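Chemist: Quick one: structure below, then a few questions.
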Amino acid sequence: MAEPKLRVLMVSDFFFPNFGGVENHIYYLSQCLLNLGHKVVVMTHAYGNRTGVRYMTGGLKVYYVPWRPFAMQNTFPTVYGTLPIVRTILKRERITVVHGHQAFSTLCHEALMHARTMGYRVVFTDHSLYGFADVGSIHMNKVLQFTLADIDQAICVSHTSKENTVLRSGLAPGKVFMIPNAVDTAMFKPADVRPSSDDVITIVVISRLVYRKGADLLVEVIPEVCRLYPNVRFVVGGDGPKHVRLEEMREKHSLQDRVEMLGAVPHSRVRSVLVTGHIFLNSSLTEAFCIAILEAASCGLLTVSTRVGGVLPDDMVVLAEPDPDDMVRAIEKAISILPSINPEEMHNRMKKLYSWQDVAKRTEIVYDRALKCSNRNLLERLSRFLSCGAWAGKVFCMVMIIDYLLWRLLQFLQPDDDVEEAPDINFCN
Amino acid sequence: MDNNLAGDSPPPRPKWRKVAYGGMQIGYDDNYTDETFLEEMVMNANVVRRDLLKVMKDSVSISQYLCIVALVVLVWFHTLESSLDENSLLLLDLSLLALGFLALLLTEEKMLSLRLLLRYVTNITFFTTGLYVLAPVYQTLTRSISSDSIWAVTVSLLLLHLFLHDYSGSTIGAPGALKSPSLTSCISVNASVVASVFVASRLPSRGHVFAVMLFSLQVFLFAPLVAYCIKKFSFGLHLGFSFALMGLTLYSVYALHRLFFVLFLVLVVVVNVVCPYWLIRMQEYKFEINGPWDEAKLCFDITD
């Protein structure tokens with residue numbers, strides 16, 4: 001049996017059975033890395049009664065660490081609480097690269113810190129955008145600065161996200177790689193028989209109905225479009241606090257028969273909703289990388305979207321400002337170019353534009369870069385933390401020194417050689 | 001890997017595009033950063049440059065209210081020392097009521113109708129009667145508690161009151177005001193009322209209790225409203241009124257004790273001169289970053 005090229009540990013609070021962009025990203029990236037001949041282990045916290053070790057498709061080993069989440073699927077930040085188990089997993093699986101995901105995952109921050117203390121190479125992927133003004137962001141940015149102060153390489157999912165991360169963490173732009181998310185085009189195929197757009201044009205919206213996703217824009221845009229085009233109907237999938245406002249809008253303008261509200265749509269059913277439509281409408285006010293657009297484009301839908309530039313070529317998406325008038329104009333334009341859209345052709349183009357295999361190959365390059373970075377000793381690394389701020393720098397240094405001492409204590413209590421190594425099982429053949 | 005390729009044989013490599021699709025761009029690494037990086041970042045777009053004189057003028061409201069509270073405390077002190085008797089207190093109450101009412105009338109735009117006047121008179125009558133009936137209760141309310149605790153709690157409540165007070169407006173809405181007061185200003189008003197009750201409970205007679213309670217409530221509830229109306233009516237009048245109050249307070253405090261006078265003077269100078277200067281000095285550290293990552297602002301009102 002061939003020795004795996006790299007042994008990667010993915011760490012994040014967010015993983016299946018929870019569902020979202022980060023979870024999806026980790027899963028697909030891990031699968032493709034496994035196919036490339038690496039060994040991948042995922043570490044996350046316990047979900048419900050799902051604790052311990054599980055195996056997923058392709059021999060992806062998942063450690064559900066018995067720590068309970070306390071808010072928004074995050075584990076309670078204990079700083080040092082996870083050190084023993086992180087150390088054991090790193091030793092057991094003979095990990096070479098630790099890859100943390102998502103800036104607000106406490107487990108990720110802690111694991112990366114411990115991994116650095118033990119001299120492992122670490123890579124971090126940032127999946128979201130943050131502002132600089134409110135108390136929450138200021139705190140998060142400081143934590144991020146701490147974690148990234150001593151990181152080997154970082155990955156962001158879009159160019160905007162890269163700019164944002166560089167500003168927030170003070171990292172050198174050359175250390176930050178832009179590797180986008182991808183879409184599993186095999187799962188999002190256009191319908192075999194495309195619904196005819198001659199008599200009725202269906203516009204699909206699938207998003208959580210919250211302020212950030214621009215549900216309030218929908219309330220303004222939908223009646224206006226329905227007024228202008230008697231042959232347009234809307235299908236709205238998703239649930240959230242703004243559901244009531246959309247229902248109100250529907251009643252106020254008597255659009256019950258033209259605006260269909262599906263409620264929450266599980267991810268497995270997203271494709272079946274998408275293929276009933278012609279145009280996909282995304283009204284997000286902020287988005288690091290909008291996967292929903294990719295899924296819609298892969299299903300052959302023309303997309304109308306608020307400014308998430310650079311995600312799709314200009315002829316596959318109509319962009320609009322987050323302003324009702326401009327969005328109505330964009331929808332008008334989309335309806336006018338709709339006859340020239342061929343879903344099958346669009347799907348084939350998407351296959352070339354985005355694939356998880358490509359993402360995995362590019363991530364592999366980042367891992368190689370991380371491994372080539374020279375390893376520094378504790379003192380050199382402390383000087384980096386010291387430069388993080390007048391007070392924060394000293395606090396960060398203390399945290400790192402204590403972590404180092406605890407690691408040495410653990411080594412004394414249980415020498416590295418006493419940790420049993422897990423055998424590599426090859427599931428591919 | 002791609003660096004070598006570009007270095008050895010220089011093929012006309014395509015221009016780098018700031019897009020996410022299409023995989024890795026030929027000839028460029030994923031960490032390639034060109035000159036458009038952070039191009040759309042805007043710094044200090046919404047920062048308002050403040051003027052020292054304007055800030056100093058605005059801070060007069062704060063010192064004005066400090067003076068009002070100091071005067072209330074002085075009246076409490078003199079009543080407790082028995083240097084102010086019941087009758088002069090009641091006279092003070094009545095004159096304050098009349099003056100405040102007059103100020104409201106003069107600064108109000110709309111004319112006062114007979115019906116409104118009648119309503120005010122009934123309300124005031126109900127209020128004073130209730131207070132008079134309850135005065136014996138207030139007098140014996142905290143008898144079992146030691147005076148030291150009462151003073152300590154009173155001072156802390158007054159500090160809380162000053163800390164949470166809404167200096168920009170008034171908690172009691174001006175007639176026709178739509179804005180409902182915030183939680184902090186409600187807490188502030190309640191703290192002042194409780195402080196008055198505590199002080200009143202140390203007084204020797206029912207008449208004293210009634211007079212002091214009426215006085216404190218009048219000032220704490222209505223002084224901000226009167227001050228707000230004056231400020232809205234004319235800023236010059238507001239400044240004049242404030243300086244008159246400051247002079248009166250400083251004189252009264254001086255008559256009481258030299259040390260308090262110095263402390264109060266320092267406080268007023270800090271509030272009116274040092275703090276505004278400090279604020280202006282700190283402006284240069286203001287650093288605001290905006291860019292394409294910010295959440296878009298909706299250009300219409302959301303009516304929930």
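Numbering starts fresh at 1 for the residues of each chain in the structure tokens, the chains themselves are lettered A, B, ... in the order given, and ligands are numbered from 1 as they appear.
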Find the residues around A:Thr117 up to 12 Å (only C-alpha atoms counted), leave out those fewer than 6 positions away in its own chain, and share them as a list in words.

Modeler: Tyr80, Leu83, Val86, Arg87, Glu110, Ala111, Thr147, Asp150, Ile151, Asn375, Arg376, Asn377, Leu378, Leu379, Arg381, Leu382, Cys397, Val399, Met400, Ile401, Ile402, Asp403, Tyr404, Leu405, Leu406, Trp407 and Arg408 of chain A

Chemist: Taking only residues of chain A that have an atom at most 8 Å from an atom of chain B, what is each one's shortest atom pair and its distance in Å to one decimal, using only C-alpha atoms, in chain and number order, as a Markdown table?

Modeler:
```
| residue | atom | partner | partner_atom | distance |
| --- | --- | --- | --- | --- |
| A:Leu129 | CA | B:Trp293 | CA | 6.1 |
| A:Tyr130 | CA | B:Trp293 | CA | 7.2 |
| A:Gly131 | CA | B:Asp294 | CA | 6.1 |
| A:Phe132 | CA | B:Ile289 | CA | 6.8 |
| A:Ala133 | CA | B:Glu288 | CA | 7.6 |
| A:Ser158 | CA | B:Ala20 | CA | 6.3 |
| A:His159 | CA | B:Lys18 | CA | 7.0 |
| A:Thr160 | CA | B:Trp293 | CA | 6.1 |
| A:Ser161 | CA | B:Trp293 | CA | 7.1 |
| A:Glu163 | CA | B:Leu38 | CA | 5.9 |
| A:Asn164 | CA | B:Trp293 | CA | 6.6 |
| A:Pro173 | CA | B:Thr33 | CA | 6.8 |
| A:Gly174 | CA | B:Asn31 | CA | 5.4 |
| A:Lys175 | CA | B:Asn31 | CA | 6.6 |
| A:Val176 | CA | B:Asn31 | CA | 5.6 |
| A:Phe177 | CA | B:Asn31 | CA | 4.1 |
| A:Met178 | CA | B:Asp30 | CA | 5.4 |
| A:Ile179 | CA | B:Asp30 | CA | 6.8 |
| A:Pro180 | CA | B:Ala20 | CA | 6.0 |
| A:Arg212 | CA | B:Glu295 | CA | 7.6 |
| A:Asp216 | CA | B:Ile302 | CA | 7.2 |
| A:Leu217 | CA | B:Leu298 | CA | 7.9 |
| A:Arg245 | CA | B:Asp304 | CA | 7.6 |
| A:Leu285 | CA | B:Ala296 | CA | 5.0 |
| A:Thr286 | CA | B:Glu295 | CA | 4.8 |
| A:Glu287 | CA | B:Trp293 | CA | 7.8 |
| A:Ala288 | CA | B:Trp293 | CA | 7.6 |
| A:Gly309 | CA | B:Val19 | CA | 7.6 |
| A:Gly310 | CA | B:Val19 | CA | 4.1 |
| A:Val311 | CA | B:Ala20 | CA | 5.2 |
| A:Leu312 | CA | B:Tyr21 | CA | 6.2 |
| A:Pro313 | CA | B:Tyr21 | CA | 7.5 |
| A:Pro322 | CA | B:Ala296 | CA | 6.8 |
| A:Asp323 | CA | B:Cys299 | CA | 6.5 |
| A:Lys352 | CA | B:Gly22 | CA | 6.7 |
| A:Leu353 | CA | B:Gly22 | CA | 4.0 |
| A:Tyr354 | CA | B:Gly22 | CA | 6.3 |
| A:Asp358 | CA | B:Gly23 | CA | 6.5 |
| A:Val359 | CA | B:Gly23 | CA | 7.7 |
| A:Arg362 | CA | B:Met24 | CA | 7.5 |
```

Chemist: Report as CSV: every residue of stretch 303-398 of chain A with an atom at most 8 Å from stretch 269-280 of chain A, its closest pair of atoms, and their distance in Å to one decimal, counting only C-alpha atoms, with rows sorted by chain and ascending residue number.

Modeler:
```
residue,atom,partner,partner_atom,distance
A:Thr303,CA,A:Phe280,CA,4.7
A:Val304,CA,A:Phe280,CA,6.1
A:Ala334,CA,A:Ile279,CA,7.6
A:Leu338,CA,A:His278,CA,7.8
```

Chemist: Residues of stretch 29-246 of chain B classed as alpha helix (DSSP H) by DSSP on the backbone are to be reported as number ranges by chain.

Modeler: B: 52-80, 86-107, 114-140, 147-164, 183-200, 206-217, 223-233, 235-246

Chemist: As a compact mmCIF listing (two decimals) with N, CA and C atoms, in the first residue's frame, please: the residues near B:Met213 (cut-off 8 Å, only C-alpha atoms, same-chain neighbours under 4 positions excluded).

Modeler:
```
# COMPACT_ATOMS: atom_id res chain seq x y z
N LEU B 131 -48.93 63.32 46.71
CA LEU B 131 -47.66 63.45 47.41
C LEU B 131 -47.90 63.82 48.88
N SER B 196 -34.40 60.94 46.02
CA SER B 196 -35.19 61.96 46.72
C SER B 196 -35.97 61.34 47.87
N VAL B 197 -36.57 60.18 47.63
CA VAL B 197 -37.34 59.52 48.68
C VAL B 197 -36.44 59.22 49.87
N ALA B 200 -35.69 62.41 51.73
CA ALA B 200 -36.88 62.90 52.41
C ALA B 200 -37.15 62.10 53.69
N VAL B 209 -40.99 66.85 54.51
CA VAL B 209 -40.96 65.74 53.54
C VAL B 209 -41.72 66.12 52.28
N LEU B 217 -38.86 66.31 42.88
CA LEU B 217 -39.54 65.74 41.72
C LEU B 217 -39.71 66.79 40.63
```

Chemist: Using only C-alpha atoms, find each residue in stretch 75-144 of chain A having at least one atom no more than 12 Å away from stretch 50-66 of chain A; report its shortest atom-to-atom pair and that distance in Å (one decimal), rows by chain then rising number, as a tab-separated table.

Modeler:
```
residue	atom	partner	partner_atom	distance
A:Thr75	CA	A:Pro66	CA	10.0
A:Phe76	CA	A:Pro66	CA	11.9
A:Gly81	CA	A:Pro66	CA	11.5
A:Thr82	CA	A:Val65	CA	9.1
A:Leu83	CA	A:Val65	CA	11.9
A:Pro84	CA	A:Val65	CA	11.4
A:Ile85	CA	A:Val65	CA	8.0
A:Val86	CA	A:Val65	CA	9.4
A:Thr88	CA	A:Tyr63	CA	11.5
A:Ile89	CA	A:Tyr63	CA	8.6
A:Leu90	CA	A:Tyr63	CA	11.5
A:Arg92	CA	A:Tyr63	CA	11.8
A:Glu93	CA	A:Lys61	CA	10.1
A:Leu107	CA	A:Val65	CA	9.9
A:Ala111	CA	A:Val65	CA	11.8
```

Chemist: Calculate how many Å separate atom CA of A:Ala330 from atom CA of A:Met249, rounding to one decimal.

Modeler: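 So the two atoms, atom CA of A:Ala330 and atom CA of A:Met249, lie 21.0 Å apart.
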
Chemist: With a distance cut-off of 12 Å and only C-alpha atoms, select the neighbouring residues of B:Ser188, excluding the residue or stretch itself and same-chain residues fewer than 5 positions from it, and output the selection as a list in words.

Modeler: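 The residues satisfying every condition are Ser156, Leu157, Leu158, Leu159, Leu160, His161, Leu162, Phe163, Leu164, His165, Asp166, Tyr167, Ser170, Thr171, Ile172, Pro181, Ser182, Leu183, Val193, Val194, Ala195, Phe220 and Leu221 of chain B.
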
Chemist: At what distance in Å, to one decimal, does atom CA of B:Val199 lie from atom CA of B:Thr140?

Modeler: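 Pair atom CA of B:Thr140 / atom CA of B:Val199 returns 11.5 Å.
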
Chemist: Write out as a ChimeraX atom specification the residues lying within 7 Å of A:Ser305, counting only C-alpha atoms and excluding same-chain residues fewer than 5 positions away.

Modeler: /A:281-283,318-320

Chemist: Would you save the residues from that selection as a PDB file, in the first residue's frame, using C-alpha atoms?

Modeler:
```pdb
ATOM      1  CA  LEU A 281     -32.433  35.871  -8.212  1.00  0.00           C
ATOM      2  CA  ASN A 282     -29.829  36.503  -5.497  1.00  0.00           C
ATOM      3  CA  SER A 283     -30.388  39.592  -3.371  1.00  0.00           C
ATOM      4  CA  VAL A 318     -26.764  40.098 -14.737  1.00  0.00           C
ATOM      5  CA  LEU A 319     -25.422  42.229 -11.906  1.00  0.00           C
ATOM      6  CA  ALA A 320     -27.362  44.928 -10.097  1.00  0.00           C
TER       7      ALA A 320
END
```

Chemist: Quick one, how far is atom CA of A:Ala172 from atom CA of A:Leu6?

Modeler: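 The value is 25.6 Å.
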
Chemist: At a cut-off of 9 Å, using only C-alpha atoms, what residues contact A:Gln102? Leave out same-chain residues fewer than 6 positions from it and give the result as a ChimeraX atom specification.

Modeler: /A:12-14,22,108-109,124-128

Chemist: Could you check the closest approach to B:Ser146 for each of B:Phe198, B:Phe101, B:Phe215, B:Phe77 and tell me which residue wins, using only C-alpha atoms?

Modeler: B:Phe198

Chemist: What's around A:Pro339 at 9 Å? Count only C-alpha atoms, leave out sequence neighbours fewer than 4 positions away in its own chain, and write the answer as a list in words.

Modeler: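 Selected residues are Ser197, Asp198 and Ile335 of chain A.
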
Chemist: Go ahead and save the residues from that selection, with C-alpha atoms, as a PDB file, in the first residue's frame.

Modeler:
```pdb
ATOM      1  CA  SER A 197     -40.261  30.196 -21.235  1.00  0.00           C
ATOM      2  CA  ASP A 198     -42.750  31.312 -23.892  1.00  0.00           C
ATOM      3  CA  ILE A 335     -35.862  38.442 -19.297  1.00  0.00           C
TER       4      ILE A 335
END
```

Chemist: Report the residues of stretch 171-313 of chain A whose backbone DSSP state falls under strand (DSSP E), written as a CSV table (one decimal) with C-alpha atoms, in the first residue's frame.

Modeler:
```csv
chain,number,residue,atom,x,y,z
A,176,VAL,CA,-2.9,34.7,1.1
A,177,PHE,CA,-4.1,32.5,-1.7
A,178,MET,CA,-7.4,33.0,-3.5
A,201,ILE,CA,-41.2,32.8,-16.9
A,202,THR,CA,-40.4,31.5,-13.4
A,203,ILE,CA,-37.9,33.4,-11.2
A,204,VAL,CA,-36.4,31.3,-8.4
A,205,VAL,CA,-35.1,32.6,-5.1
A,206,ILE,CA,-33.5,30.3,-2.6
A,232,VAL,CA,-43.7,36.1,-14.5
A,233,ARG,CA,-44.1,34.0,-11.4
A,234,PHE,CA,-41.8,33.7,-8.4
A,235,VAL,CA,-40.8,30.6,-6.4
A,236,VAL,CA,-39.3,31.6,-3.1
A,237,GLY,CA,-37.5,28.8,-1.1
A,259,VAL,CA,-45.5,34.0,-5.7
A,260,GLU,CA,-45.1,30.5,-4.4
A,261,MET,CA,-43.5,30.3,-0.9
A,262,LEU,CA,-41.9,26.9,-0.3
A,263,GLY,CA,-40.5,27.4,3.2
A,279,ILE,CA,-34.0,32.9,-13.8
A,280,PHE,CA,-32.3,32.8,-10.4
A,281,LEU,CA,-32.4,35.9,-8.2
A,282,ASN,CA,-29.8,36.5,-5.5
A,302,LEU,CA,-29.6,32.8,-15.8
A,303,THR,CA,-28.6,34.6,-12.6
A,304,VAL,CA,-29.6,38.1,-11.5
A,305,SER,CA,-27.5,39.0,-8.6
A,306,THR,CA,-26.4,41.9,-6.4
```
